[in-house]
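Everything below belongs to my_file_38.cif, which stores mmCIF, C-alpha atoms.
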data_structure
#
loop_
_atom_site.label_atom_id
_atom_site.label_comp_id
_atom_site.auth_asym_id
_atom_site.auth_seq_id
_atom_site.Cartn_x
_atom_site.Cartn_y
_atom_site.Cartn_z
CA MET M 1 140.07 62.94 66.09
CA THR M 2 140.83 59.76 64.10
CA ASP M 3 143.18 58.52 66.82
CA HIS M 4 140.64 59.44 69.47
CA LEU M 5 137.89 57.58 67.61
CA ALA M 6 139.95 54.39 67.71
CA GLN M 7 140.63 55.01 71.41
CA ALA M 8 136.89 55.57 71.97
CA HIS M 9 136.08 52.17 70.47
CA ASP M 10 138.66 50.53 72.73
CA LEU M 11 137.27 52.29 75.79
CA LEU M 12 133.71 51.26 74.97
CA ALA M 13 134.80 47.65 74.55
CA ALA M 14 135.78 47.69 78.23
CA HIS M 15 133.22 50.17 79.57
CA PRO M 16 130.21 50.16 77.24
CA VAL M 17 127.43 52.72 77.27
CA VAL M 18 124.51 52.39 79.65
CA ASP M 19 121.91 54.36 77.74
CA GLY M 20 119.12 55.66 79.94
CA HIS M 21 116.33 56.00 77.40
CA ASN M 22 115.39 54.49 74.03
CA ASP M 23 111.87 54.60 72.56
CA PHE M 24 112.25 51.72 70.10
CA PRO M 25 109.24 49.91 71.69
CA TRP M 26 107.02 52.89 70.85
CA ALA M 27 108.31 52.90 67.27
CA LEU M 28 107.34 49.22 67.05
CA ARG M 29 103.86 50.05 68.28
CA GLU M 30 103.42 52.99 65.92
CA GLN M 31 104.92 51.42 62.80
CA VAL M 32 104.00 47.73 62.87
CA ARG M 33 101.79 47.12 65.91
CA TYR M 34 104.55 45.11 67.56
CA ASP M 35 105.05 42.69 64.65
CA LEU M 36 108.71 41.73 65.13
CA ASP M 37 108.78 39.92 61.79
CA GLN M 38 108.36 43.32 60.13
CA ARG M 39 111.10 44.95 62.21
CA ASP M 40 113.85 42.36 62.60
CA MET M 41 116.26 43.86 65.14
CA ALA M 42 119.06 41.65 63.83
CA ALA M 43 118.81 43.39 60.44
CA ASP M 44 119.63 46.93 59.30
CA LEU M 45 116.59 49.07 60.19
CA THR M 46 118.16 52.39 59.22
CA GLN M 47 115.24 53.32 56.96
CA HIS M 48 112.75 52.90 59.80
CA THR M 49 114.32 53.44 63.21
CA HIS M 50 117.39 54.74 65.04
CA THR M 51 117.90 51.34 66.62
CA ASP M 52 118.82 47.77 65.70
CA ILE M 53 121.25 45.24 67.13
CA PRO M 54 124.08 45.78 64.60
CA ARG M 55 124.06 49.52 65.35
CA LEU M 56 123.84 48.96 69.11
CA ARG M 57 126.95 46.81 68.75
CA ALA M 58 128.69 49.40 66.56
CA GLY M 59 127.87 52.09 69.11
CA GLY M 60 129.36 50.21 72.02
CA VAL M 61 126.09 49.92 73.95
CA GLY M 62 126.32 47.49 76.85
CA ALA M 63 123.03 48.23 78.62
CA GLN M 64 119.83 49.79 77.39
CA PHE M 65 116.89 51.09 79.38
CA TRP M 66 114.04 50.50 76.95
CA SER M 67 111.31 53.07 77.54
CA VAL M 68 107.87 51.48 77.94
CA TYR M 69 106.43 54.92 77.24
CA VAL M 70 102.84 55.66 76.35
CA ARG M 71 101.61 59.11 75.36
CA SER M 72 100.44 61.30 78.21
CA ASP M 73 97.08 61.88 76.55
CA PHE M 74 96.44 58.19 77.31
CA SER M 75 94.76 58.04 80.69
CA GLY M 76 93.23 55.67 83.22
CA ASP M 77 93.14 51.99 82.39
CA THR M 78 93.97 52.77 78.74
CA ALA M 79 97.39 54.05 79.84
CA VAL M 80 97.96 51.01 82.06
CA SER M 81 97.02 48.55 79.31
CA ALA M 82 99.22 50.31 76.75
CA THR M 83 102.14 50.24 79.19
CA LEU M 84 101.64 46.49 79.64
CA GLU M 85 101.72 46.07 75.86
CA GLN M 86 105.01 47.97 75.77
CA ILE M 87 106.46 45.73 78.49
CA ASP M 88 105.29 42.69 76.54
CA VAL M 89 107.13 43.66 73.38
CA VAL M 90 110.38 44.35 75.26
CA ARG M 91 110.17 40.91 76.85
CA ARG M 92 109.40 39.34 73.48
CA PHE M 93 112.30 40.92 71.61
CA THR M 94 114.69 40.27 74.48
CA ASP M 95 113.72 36.58 74.32
CA ARG M 96 113.85 36.51 70.52
CA TYR M 97 117.36 37.95 70.34
CA ALA M 98 118.79 36.22 73.40
CA THR M 99 122.21 35.82 71.80
CA ASP M 100 122.63 39.59 71.89
CA LEU M 101 120.19 40.83 74.56
CA ARG M 102 120.03 39.76 78.20
CA PRO M 103 117.08 40.61 80.48
CA ALA M 104 118.33 42.66 83.42
CA ARG M 105 116.62 43.73 86.62
CA THR M 106 119.60 44.43 88.88
CA ALA M 107 123.05 45.95 88.80
CA ASP M 108 124.47 42.43 89.08
CA ASP M 109 122.48 41.45 85.98
CA MET M 110 124.03 44.37 84.13
CA GLU M 111 127.52 43.28 85.09
CA ALA M 112 126.74 39.67 84.13
CA ALA M 113 125.55 40.80 80.70
CA ARG M 114 128.79 42.73 80.18
CA THR M 115 130.82 39.66 81.12
CA GLU M 116 128.81 37.54 78.67
CA GLY M 117 129.19 40.09 75.87
CA ARG M 118 125.45 40.70 75.73
CA ILE M 119 123.47 43.95 75.98
CA ALA M 120 121.64 44.25 79.30
CA SER M 121 117.99 45.06 78.62
CA LEU M 122 116.17 46.99 81.32
CA MET M 123 112.85 48.84 81.26
CA GLY M 124 111.73 52.29 82.35
CA ALA M 125 108.13 53.56 82.44
CA GLU M 126 107.86 57.12 81.14
CA GLY M 127 105.17 59.01 83.01
CA GLY M 128 103.19 58.50 86.19
CA HIS M 129 99.98 58.26 84.14
CA SER M 130 101.09 54.66 83.53
CA ILE M 131 100.07 53.69 87.09
CA ASN M 132 96.67 55.46 87.10
CA CYS M 133 97.21 56.75 90.67
CA SER M 134 97.55 53.19 91.98
CA LEU M 135 100.48 52.04 94.13
CA ALA M 136 99.44 48.43 93.51
CA THR M 137 99.89 49.07 89.77
CA LEU M 138 103.31 50.59 90.52
CA ARG M 139 104.30 47.41 92.36
CA THR M 140 103.05 45.27 89.48
CA LEU M 141 105.18 47.19 87.00
CA TYR M 142 108.18 46.60 89.25
CA ASP M 143 107.38 42.87 89.39
CA LEU M 144 107.28 42.84 85.58
CA GLY M 145 110.80 44.27 85.43
CA VAL M 146 110.35 48.05 85.25
CA ARG M 147 113.31 49.65 87.04
CA TYR M 148 112.56 53.34 86.77
CA MET M 149 109.48 55.47 86.41
CA THR M 150 109.55 59.03 85.10
CA LEU M 151 107.14 60.83 87.42
CA THR M 152 105.47 62.72 84.56
CA HIS M 153 105.70 62.99 80.81
CA ASN M 154 104.71 66.15 78.92
CA ASP M 155 101.52 66.69 80.95
CA ASN M 156 100.90 66.91 84.67
CA VAL M 157 99.62 63.92 86.57
CA PRO M 158 97.23 64.51 89.50
CA TRP M 159 100.11 64.22 91.96
CA ALA M 160 103.09 65.86 90.18
CA ASP M 161 103.82 68.74 87.82
CA SER M 162 105.43 68.33 84.41
CA ALA M 163 108.07 70.69 83.02
CA THR M 164 105.89 71.41 79.99
CA ASP M 165 102.46 71.96 81.56
CA GLU M 166 100.95 74.73 83.68
CA PRO M 167 101.89 74.32 87.36
CA LYS M 168 99.11 72.86 89.47
CA ALA M 169 100.61 70.98 92.40
CA HIS M 170 103.75 73.18 92.41
CA GLY M 171 105.85 70.05 92.81
CA LEU M 172 104.63 66.86 94.45
CA THR M 173 101.38 66.43 96.34
CA ARG M 174 101.25 64.26 99.48
CA PHE M 175 100.34 61.30 97.29
CA GLY M 176 103.24 62.14 94.98
CA GLU M 177 105.58 61.99 97.96
CA GLU M 178 104.12 58.59 98.82
CA VAL M 179 104.78 57.39 95.25
CA VAL M 180 108.44 58.34 95.69
CA ARG M 181 108.65 56.54 99.04
CA GLU M 182 107.05 53.41 97.59
CA MET M 183 109.46 53.47 94.64
CA ASN M 184 112.31 53.67 97.18
CA ARG M 185 110.89 50.68 99.04
CA LEU M 186 110.66 48.66 95.84
CA GLY M 187 114.08 49.61 94.46
CA MET M 188 112.61 51.41 91.45
CA LEU M 189 114.61 54.47 90.42
CA VAL M 190 112.80 57.80 90.61
CA ASP M 191 113.29 59.38 87.16
CA LEU M 192 113.13 63.19 87.15
CA SER M 193 113.33 63.82 83.42
CA HIS M 194 110.21 65.65 82.14
CA VAL M 195 109.19 66.96 85.57
CA SER M 196 109.10 70.59 86.66
CA ALA M 197 111.99 72.04 88.63
CA ASP M 198 109.75 72.17 91.73
CA THR M 199 108.93 68.49 91.29
CA MET M 200 112.66 67.74 90.98
CA ARG M 201 113.36 69.57 94.23
CA ASP M 202 110.47 67.94 96.09
CA ALA M 203 111.50 64.47 94.93
CA LEU M 204 115.10 65.04 95.99
CA ARG M 205 113.88 66.22 99.39
CA VAL M 206 111.69 63.13 99.91
CA THR M 207 113.74 60.33 98.34
CA GLU M 208 115.88 58.00 100.40
CA ALA M 209 117.55 56.57 97.29
CA PRO M 210 119.61 57.90 94.38
CA VAL M 211 117.54 59.36 91.53
CA VAL M 212 118.07 59.35 87.80
CA PHE M 213 117.43 61.84 85.04
CA SER M 214 117.12 59.31 82.23
CA HIS M 215 117.31 61.84 79.37
CA SER M 216 117.85 65.50 80.30
CA SER M 217 120.50 68.13 79.60
CA ALA M 218 121.68 71.35 81.26
CA ARG M 219 119.33 74.33 81.48
CA ALA M 220 122.25 76.74 81.87
CA VAL M 221 123.48 75.72 78.40
CA CYS M 222 120.06 75.54 76.71
CA ASP M 223 117.25 77.29 78.55
CA HIS M 224 114.47 74.76 77.99
CA PRO M 225 112.12 73.67 80.83
CA ARG M 226 112.93 70.02 80.06
CA ASN M 227 116.51 70.58 81.19
CA ILE M 228 118.01 70.53 84.68
CA PRO M 229 118.70 73.78 86.56
CA ASP M 230 122.12 74.15 88.14
CA ASP M 231 120.79 74.17 91.70
CA VAL M 232 119.26 70.74 91.09
CA LEU M 233 122.42 69.41 89.45
CA GLY M 234 124.24 70.61 92.56
CA LEU M 235 122.06 68.35 94.75
CA LEU M 236 123.12 65.15 93.00
CA PRO M 237 126.39 64.51 94.87
CA ALA M 238 124.56 64.35 98.21
CA ASN M 239 121.83 62.20 96.67
CA GLY M 240 124.16 59.85 94.77
CA GLY M 241 122.13 59.91 91.58
CA VAL M 242 122.97 60.43 87.92
CA ALA M 243 121.90 62.93 85.23
CA MET M 244 122.01 61.38 81.76
CA VAL M 245 122.52 63.90 78.96
CA THR M 246 120.09 63.67 76.06
CA PHE M 247 120.69 64.38 72.38
CA VAL M 248 117.33 65.90 71.33
CA PRO M 249 118.26 69.07 69.39
CA LYS M 250 115.58 71.30 70.94
CA PHE M 251 116.93 70.41 74.40
CA VAL M 252 120.60 70.98 73.59
CA LEU M 253 120.70 73.78 70.98
CA PRO M 254 118.94 77.09 71.78
CA GLU M 255 118.46 77.88 68.08
CA ALA M 256 116.53 74.62 67.62
CA VAL M 257 113.80 75.44 70.15
CA ALA M 258 111.70 77.74 67.91
CA TRP M 259 112.34 75.59 64.83
CA THR M 260 111.07 72.46 66.60
CA LYS M 261 107.95 74.30 67.79
CA ALA M 262 107.17 75.09 64.14
CA ALA M 263 107.81 71.45 63.18
CA ASP M 264 105.43 70.28 65.92
CA GLU M 265 102.75 72.70 64.70
CA ASN M 266 103.24 71.31 61.19
CA MET M 267 102.61 67.79 62.51
CA ARG M 268 99.39 68.92 64.17
CA ALA M 269 98.32 70.64 60.94
CA HIS M 270 98.61 67.22 59.29
CA GLY M 271 96.43 65.68 61.99
CA MET M 272 99.34 63.98 63.76
CA HIS M 273 100.74 64.03 67.26
CA PRO M 274 104.22 65.68 67.30
CA LEU M 275 105.72 62.47 68.71
CA GLU M 276 104.10 60.20 66.13
CA MET M 277 106.76 57.79 64.88
CA THR M 278 104.76 56.09 62.12
CA SER M 279 106.21 55.99 58.63
CA ALA M 280 103.72 58.68 57.63
CA GLY M 281 104.78 60.86 60.57
CA ILE M 282 108.45 60.48 59.74
CA THR M 283 107.71 61.41 56.10
CA VAL M 284 105.94 64.61 57.20
CA GLN M 285 108.82 65.52 59.50
CA ARG M 286 111.43 64.96 56.81
CA ALA M 287 109.47 67.02 54.27
CA PHE M 288 109.25 69.90 56.75
CA GLU M 289 112.98 69.68 57.41
CA GLU M 290 113.76 69.72 53.69
CA ALA M 291 111.64 72.84 53.17
CA ASN M 292 112.84 74.50 56.37
CA PRO M 293 116.48 73.61 57.05
CA ARG M 294 116.91 73.20 60.78
CA PRO M 295 119.66 74.55 63.01
CA LEU M 296 122.08 71.68 63.40
CA ALA M 297 123.14 70.37 66.76
CA THR M 298 126.40 68.42 66.70
CA VAL M 299 128.43 66.10 68.87
CA SER M 300 130.17 69.21 70.17
CA THR M 301 126.82 70.69 71.24
CA VAL M 302 126.12 67.65 73.41
CA ALA M 303 129.67 67.67 74.78
CA ASP M 304 129.15 71.28 75.90
CA HIS M 305 126.30 70.06 78.11
CA LEU M 306 128.42 67.28 79.54
CA ASP M 307 131.25 69.69 80.31
CA HIS M 308 128.84 71.90 82.21
CA MET M 309 127.06 69.04 84.00
CA ARG M 310 130.41 67.63 85.05
CA GLU M 311 131.48 71.01 86.44
CA VAL M 312 128.30 71.43 88.50
CA ALA M 313 127.36 67.88 89.52
CA GLY M 314 130.75 66.17 89.35
CA ILE M 315 132.08 63.32 87.24
CA ASP M 316 130.38 60.69 89.43
CA HIS M 317 126.89 61.98 88.64
CA ILE M 318 126.56 62.16 84.85
CA GLY M 319 125.63 59.64 82.18
CA ILE M 320 124.06 59.26 78.73
CA GLY M 321 120.40 58.93 77.68
CA GLY M 322 120.07 59.55 73.96
CA ASP M 323 116.25 59.36 73.51
CA PHE M 324 116.68 57.61 70.17
CA ASP M 325 113.42 56.69 68.43
CA GLY M 326 111.69 59.23 70.67
CA THR M 327 112.69 62.20 68.51
CA ALA M 328 112.40 62.88 64.81
CA PHE M 329 115.65 64.85 64.71
CA THR M 330 119.15 64.07 65.98
CA PRO M 331 122.52 65.85 66.06
CA GLU M 332 125.17 65.43 63.37
CA GLY M 333 127.41 62.56 64.44
CA LEU M 334 124.73 61.18 66.76
CA THR M 335 122.18 60.20 64.16
CA ASP M 336 121.47 56.80 65.68
CA VAL M 337 122.67 54.35 68.33
CA ALA M 338 125.91 53.72 66.42
CA GLY M 339 127.05 57.27 67.17
CA TYR M 340 128.26 57.00 70.78
CA PRO M 341 131.95 56.53 69.84
CA ASN M 342 131.82 59.97 68.18
CA LEU M 343 130.77 61.53 71.48
CA ILE M 344 133.48 59.70 73.43
CA ALA M 345 136.09 60.80 70.85
CA GLU M 346 134.94 64.42 71.24
CA LEU M 347 135.34 64.18 75.00
CA LEU M 348 138.80 62.67 74.57
CA ASP M 349 139.60 65.69 72.39
CA ARG M 350 138.53 67.79 75.37
CA ARG M 351 140.99 65.92 77.60
CA TRP M 352 138.50 63.78 79.50
CA SER M 353 140.47 60.89 80.98
CA PRO M 354 139.67 57.23 80.27
CA ALA M 355 138.84 56.78 83.96
CA ASP M 356 136.32 59.61 83.83
CA LEU M 357 134.79 58.31 80.61
CA ALA M 358 134.35 54.86 82.17
CA LYS M 359 132.27 56.54 84.89
CA LEU M 360 130.21 58.41 82.29
CA THR M 361 129.47 55.39 80.12
CA TRP M 362 129.07 52.52 82.58
CA GLN M 363 130.01 52.91 86.21
CA ASN M 364 127.77 55.77 87.33
CA ALA M 365 124.55 54.23 86.05
CA VAL M 366 125.32 50.81 87.52
CA ARG M 367 126.23 52.37 90.87
CA THR M 368 122.98 54.36 90.93
CA LEU M 369 120.81 51.29 90.38
CA ARG M 370 122.80 49.39 93.00
CA GLY M 371 122.24 52.26 95.42
CA ALA M 372 118.48 52.04 94.91
CA GLU M 373 118.66 48.30 95.55
CA ASP M 374 120.55 48.87 98.81
CA VAL M 375 117.96 51.37 100.03
CA ALA M 376 115.14 48.97 99.12
CA ARG M 377 116.60 46.14 101.20
CA THR M 378 116.69 48.38 104.25
CA ALA M 379 113.24 49.86 103.61
CA GLN M 380 111.61 46.47 103.13
CA SER M 381 112.92 45.37 106.52
CA THR M 382 111.08 48.23 108.23
CA ARG M 383 107.85 48.79 106.26
CA GLY M 384 105.44 46.90 104.06
CA PRO M 385 103.68 47.91 100.85
CA SER M 386 101.88 51.25 101.05
CA LEU M 387 98.10 50.99 100.84
CA ALA M 388 97.62 54.75 100.59
CA THR M 389 95.29 56.20 97.96
CA ILE M 390 95.25 59.59 96.32
CA ASP M 391 91.81 60.27 97.82
CA GLN M 392 93.13 59.65 101.33
CA LEU M 393 96.20 61.84 100.95
CA ASP M 394 95.13 64.57 98.53
CA GLY M 395 91.35 64.54 98.71
CA ALA M 396 88.80 63.35 96.17
CA ALA M 397 88.85 66.65 94.27
CA THR M 398 92.54 66.18 93.34
CA ALA M 399 91.97 62.69 91.96
#
Would it be possible to restate this file's structure as structure tokens?
Amino acid sequence: MTDHLAQAHDLLAAHPVVDGHNDFPWALREQVRYDLDQRDMAADLTQHTHTDIPRLRAGGVGAQFWSVYVRSDFSGDTAVSATLEQIDVVRRFTDRYATDLRPARTADDMEAARTEGRIASLMGAEGGHSINCSLATLRTLYDLGVRYMTLTHNDNVPWADSATDEPKAHGLTRFGEEVVREMNRLGMLVDLSHVSADTMRDALRVTEAPVVFSHSSARAVCDHPRNIPDDVLGLLPANGGVAMVTFVPKFVLPEAVAWTKAADENMRAHGMHPLEMTSAGITVQRAFEEANPRPLATVSTVADHLDHMREVAGIDHIGIGGDFDGTAFTPEGLTDVAGYPNLIAELLDRRWSPADLAKLTWQNAVRTLRGAEDVARTAQSTRGPSLATIDQLDGAATA
């Protein structure tokens, strides 16, 4: 393992990690209301977050999709405004730490950042509630730099079902299909993490462009609705997209599912949202963990998912999306963004080749974004912006 760890660092120097999902912007909102003086990314923030620039460097991260997530109980204009605030802080910290971070909107930008030795900084919106059923708002988010949108978060939206809510649309509504088509026209990746299996299948049927699962693992290995069924993984080669394994213990370790449910109930008992990442929330989570030792996921647990996803979807269609700072608990060896070399070393132990690992860490994600850009160029030559509304396509009762 020691030899493989050194080899992992060398591999990541040439083919760094494109991480599909990091919730550091939400942690900034929750902990310090976006005051970057209180959370200096150039310093060691280990006591507060999973993420800072020294640990991104130590982890071999070459591109980061920063999630501009807002909670799915935010709705209407409140959700839109909060998403804009999230975008604002990403743009501010990317400007503030320009020596290390480079704004990126395209696959070429990602490659340029790698050449310059900087970390490409992209944005992904997490949940269709962020557009408030408005395609004009979707286009505005794209213009501001957002390069994927997760169709739902933990709750349904009026036009798509979530994996963790009661089915209502049973996939995508007509307006939901139009959202996917408009994302294709823009060149915004359709992110299928968090959505129901029926929504996944509908989106893959409708999309003209490669899709992404920004932070999801394999349902066959851990039977959680947030994970990807094998039949959907099997559709990725024809689509050209990428499924990015996540590290959240309750999504990768079956024994952690019930434990995490109890931890979430404990947070609610303290008057907190389960995803609250304030200092007080983290203290409550840590106290619960101390009193109730949790089943431990490890690097090997995550590698088991990657082995399975590779077998079903193929080496060209898998990637990494840790969900750091979006979860209170992490696997041993993957405690923060410095941990990626441990995962690569584990895969080397399992006889993954350097060429295959280069696809996992860098090449697949870049290719997927480039594929969406190619589709957008063609689509924009044949159709203009969609002016459809949810009332027109689904009826006023649905909206």
With all atoms listed in the file as the counted atoms, please give the residues lying no more than 7 Å from Val70 (chain M), apart from itself and same-chain residues fewer than 4 positions off, as a ChimeraX atom specification. /M:74,79,82-83
For CA of Ala27 (chain M) and CA of Val284 (chain M), the interatomic separation in Å (one decimal):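 Distance reported for this atom pair: 15.6 Å.
Take the candidates M:Leu343, M:Leu236, M:Val299, M:Ala269 and check each one against Leu253 (chain M) using only C-alpha atoms; the shortest distance goes to M:Val299.
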For this file, the PyMOL selection byres ((chain M and resi 126-131) around 7) selects which residues, as a ChimeraX atom specification? /M:67-69,72,75,79-80,83,124-125,132-134,137-138,149-153,157
Output of the above residues as a PDB file, in the coordinates of the input, restricted to C-alpha atoms:
ATOM      1  CA  SER M  67     111.310  53.070  77.540  1.00  0.00           C
ATOM      2  CA  VAL M  68     107.870  51.480  77.940  1.00  0.00           C
ATOM      3  CA  TYR M  69     106.430  54.920  77.240  1.00  0.00           C
ATOM      4  CA  SER M  72     100.440  61.300  78.210  1.00  0.00           C
ATOM      5  CA  SER M  75      94.760  58.040  80.690  1.00  0.00           C
ATOM      6  CA  ALA M  79      97.390  54.050  79.840  1.00  0.00           C
ATOM      7  CA  VAL M  80      97.960  51.010  82.060  1.00  0.00           C
ATOM      8  CA  THR M  83     102.140  50.240  79.190  1.00  0.00           C
ATOM      9  CA  GLY M 124     111.730  52.290  82.350  1.00  0.00           C
ATOM     10  CA  ALA M 125     108.130  53.560  82.440  1.00  0.00           C
ATOM     11  CA  ASN M 132      96.670  55.460  87.100  1.00  0.00           C
ATOM     12  CA  CYS M 133      97.210  56.750  90.670  1.00  0.00           C
ATOM     13  CA  SER M 134      97.550  53.190  91.980  1.00  0.00           C
ATOM     14  CA  THR M 137      99.890  49.070  89.770  1.00  0.00           C
ATOM     15  CA  LEU M 138     103.310  50.590  90.520  1.00  0.00           C
ATOM     16  CA  MET M 149     109.480  55.470  86.410  1.00  0.00           C
ATOM     17  CA  THR M 150     109.550  59.030  85.100  1.00  0.00           C
ATOM     18  CA  LEU M 151     107.140  60.830  87.420  1.00  0.00           C
ATOM     19  CA  THR M 152     105.470  62.720  84.560  1.00  0.00           C
ATOM     20  CA  HIS M 153     105.700  62.990  80.810  1.00  0.00           C
ATOM     21  CA  VAL M 157      99.620  63.920  86.570  1.00  0.00           C
TER      22      VAL M 157
END
Residues in the PyMOL selection byres ((chain M and resi 394) around 12), expressed as an mmCIF file with C-alpha atoms, in the coordinates of the input:
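Generated output (expr.cif):
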data_model
loop_
_atom_site.group_PDB
_atom_site.id
_atom_site.type_symbol
_atom_site.label_atom_id
_atom_site.label_comp_id
_atom_site.auth_asym_id
_atom_site.auth_seq_id
_atom_site.Cartn_x
_atom_site.Cartn_y
_atom_site.Cartn_z
ATOM 1 C CA CYS M 133 97.210 56.750 90.670
ATOM 2 C CA PRO M 158 97.230 64.510 89.500
ATOM 3 C CA TRP M 159 100.110 64.220 91.960
ATOM 4 C CA ALA M 160 103.090 65.860 90.180
ATOM 5 C CA ALA M 169 100.610 70.980 92.400
ATOM 6 C CA LEU M 172 104.630 66.860 94.450
ATOM 7 C CA THR M 173 101.380 66.430 96.340
ATOM 8 C CA ARG M 174 101.250 64.260 99.480
ATOM 9 C CA PHE M 175 100.340 61.300 97.290
ATOM 10 C CA GLY M 176 103.240 62.140 94.980
ATOM 11 C CA GLU M 177 105.580 61.990 97.960
ATOM 12 C CA GLU M 178 104.120 58.590 98.820
ATOM 13 C CA ALA M 388 97.620 54.750 100.590
ATOM 14 C CA THR M 389 95.290 56.200 97.960
ATOM 15 C CA ILE M 390 95.250 59.590 96.320
ATOM 16 C CA ASP M 391 91.810 60.270 97.820
ATOM 17 C CA GLN M 392 93.130 59.650 101.330
ATOM 18 C CA LEU M 393 96.200 61.840 100.950
ATOM 19 C CA GLY M 395 91.350 64.540 98.710
ATOM 20 C CA ALA M 396 88.800 63.350 96.170
ATOM 21 C CA ALA M 397 88.850 66.650 94.270
ATOM 22 C CA THR M 398 92.540 66.180 93.340
ATOM 23 C CA ALA M 399 91.970 62.690 91.960
#
Please evaluate the PyMOL selection byres ((chain M and resi 214-231) around 8) against the displayed coordinates and give the resulting residues as an MDAnalysis selection string. chainID M and resid 20:21 163:164 191:197 212:213 232:235 243:246 250:254 257 304:306 308:309 312 320:323
Would you mind reading off the distance between CA of Asp198 (chain M) and CA of Arg147 (chain M), one decimal, in Å?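 These atoms are spaced 23.3 Å apart.
Between CA of Ile53 (chain M) and CA of Asp100 (chain M) the interatomic distance comes to 7.5 Å.
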Between M:Leu56, M:Ala297, M:Ala42, M:Val180, which one has atoms that come closest to Val248 (chain M), using all atoms listed in the file?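 Smallest distance to Val248 (chain M) is found for M:Ala297.
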Which is closer to Arg92 (chain M) than all the others in M:Pro25, M:Pro341, M:Pro210, M:Pro249, using only C-alpha atoms?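 Looking at the shortest contact to Arg92 (chain M), the residue is M:Pro25.
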Quick one: residues within 12 Å of (118.3, 49.4, 61.7) (file frame), counting only C-alpha atoms, please, as a compact mmCIF listing (two decimals) with C-alpha atoms, in the frame of the given file.
# COMPACT_ATOMS: atom_id res chain seq x y z
CA PHE M 24 112.25 51.72 70.10
CA ALA M 27 108.31 52.90 67.27
CA GLN M 38 108.36 43.32 60.13
CA ARG M 39 111.10 44.95 62.21
CA ASP M 40 113.85 42.36 62.60
CA MET M 41 116.26 43.86 65.14
CA ALA M 42 119.06 41.65 63.83
CA ALA M 43 118.81 43.39 60.44
CA ASP M 44 119.63 46.93 59.30
CA LEU M 45 116.59 49.07 60.19
CA THR M 46 118.16 52.39 59.22
CA GLN M 47 115.24 53.32 56.96
CA HIS M 48 112.75 52.90 59.80
CA THR M 49 114.32 53.44 63.21
CA HIS M 50 117.39 54.74 65.04
CA THR M 51 117.90 51.34 66.62
CA ASP M 52 118.82 47.77 65.70
CA ILE M 53 121.25 45.24 67.13
CA PRO M 54 124.08 45.78 64.60
CA ARG M 55 124.06 49.52 65.35
CA LEU M 56 123.84 48.96 69.11
CA ARG M 57 126.95 46.81 68.75
CA ALA M 58 128.69 49.40 66.56
CA PHE M 324 116.68 57.61 70.17
CA ASP M 325 113.42 56.69 68.43
CA THR M 335 122.18 60.20 64.16
CA ASP M 336 121.47 56.80 65.68
CA VAL M 337 122.67 54.35 68.33
CA ALA M 338 125.91 53.72 66.42
Closest to His9 (chain M) among M:Trp352, M:Tyr148, M:Phe247, M:Tyr340, using all atoms listed in the file? M:Tyr340
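Shortest separation to Leu122 (chain M) among M:Ala63, M:Leu144, M:Leu189, M:Ala376 occurs at residue M:Ala63, atoms counted being all atoms listed in the file.
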Using only C-alpha atoms, which residues sit within 8 Å of Leu12 (chain M) once same-chain residues fewer than 5 positions away are excluded, as a PyMOL selection string? chain M and resi 17+60-61+341+361
Between M:Gly271, M:Gly241, M:Gly326, M:Gly371, which one has atoms that come closest to Ala313 (chain M), using all atoms listed in the file?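 Ranking M:Gly271, M:Gly241, M:Gly326, M:Gly371 by distance to Ala313 (chain M), first place goes to M:Gly241.
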Using all atoms listed in the file, what does the table of region 221-333 of chain M residues within 7 Å of region 29-32 of chain M look like, with each row giving the shortest atom pair and its distance in Å to one decimal, sorted by chain and ascending number, as a Markdown table?
| residue | atom | partner | partner_atom | distance |
| --- | --- | --- | --- | --- |
| M:Met277 | CA | M:Glu30 | CA | 5.9 |
| M:Thr278 | CA | M:Gln31 | CA | 4.7 |
| M:Ser279 | CA | M:Gln31 | CA | 6.3 |
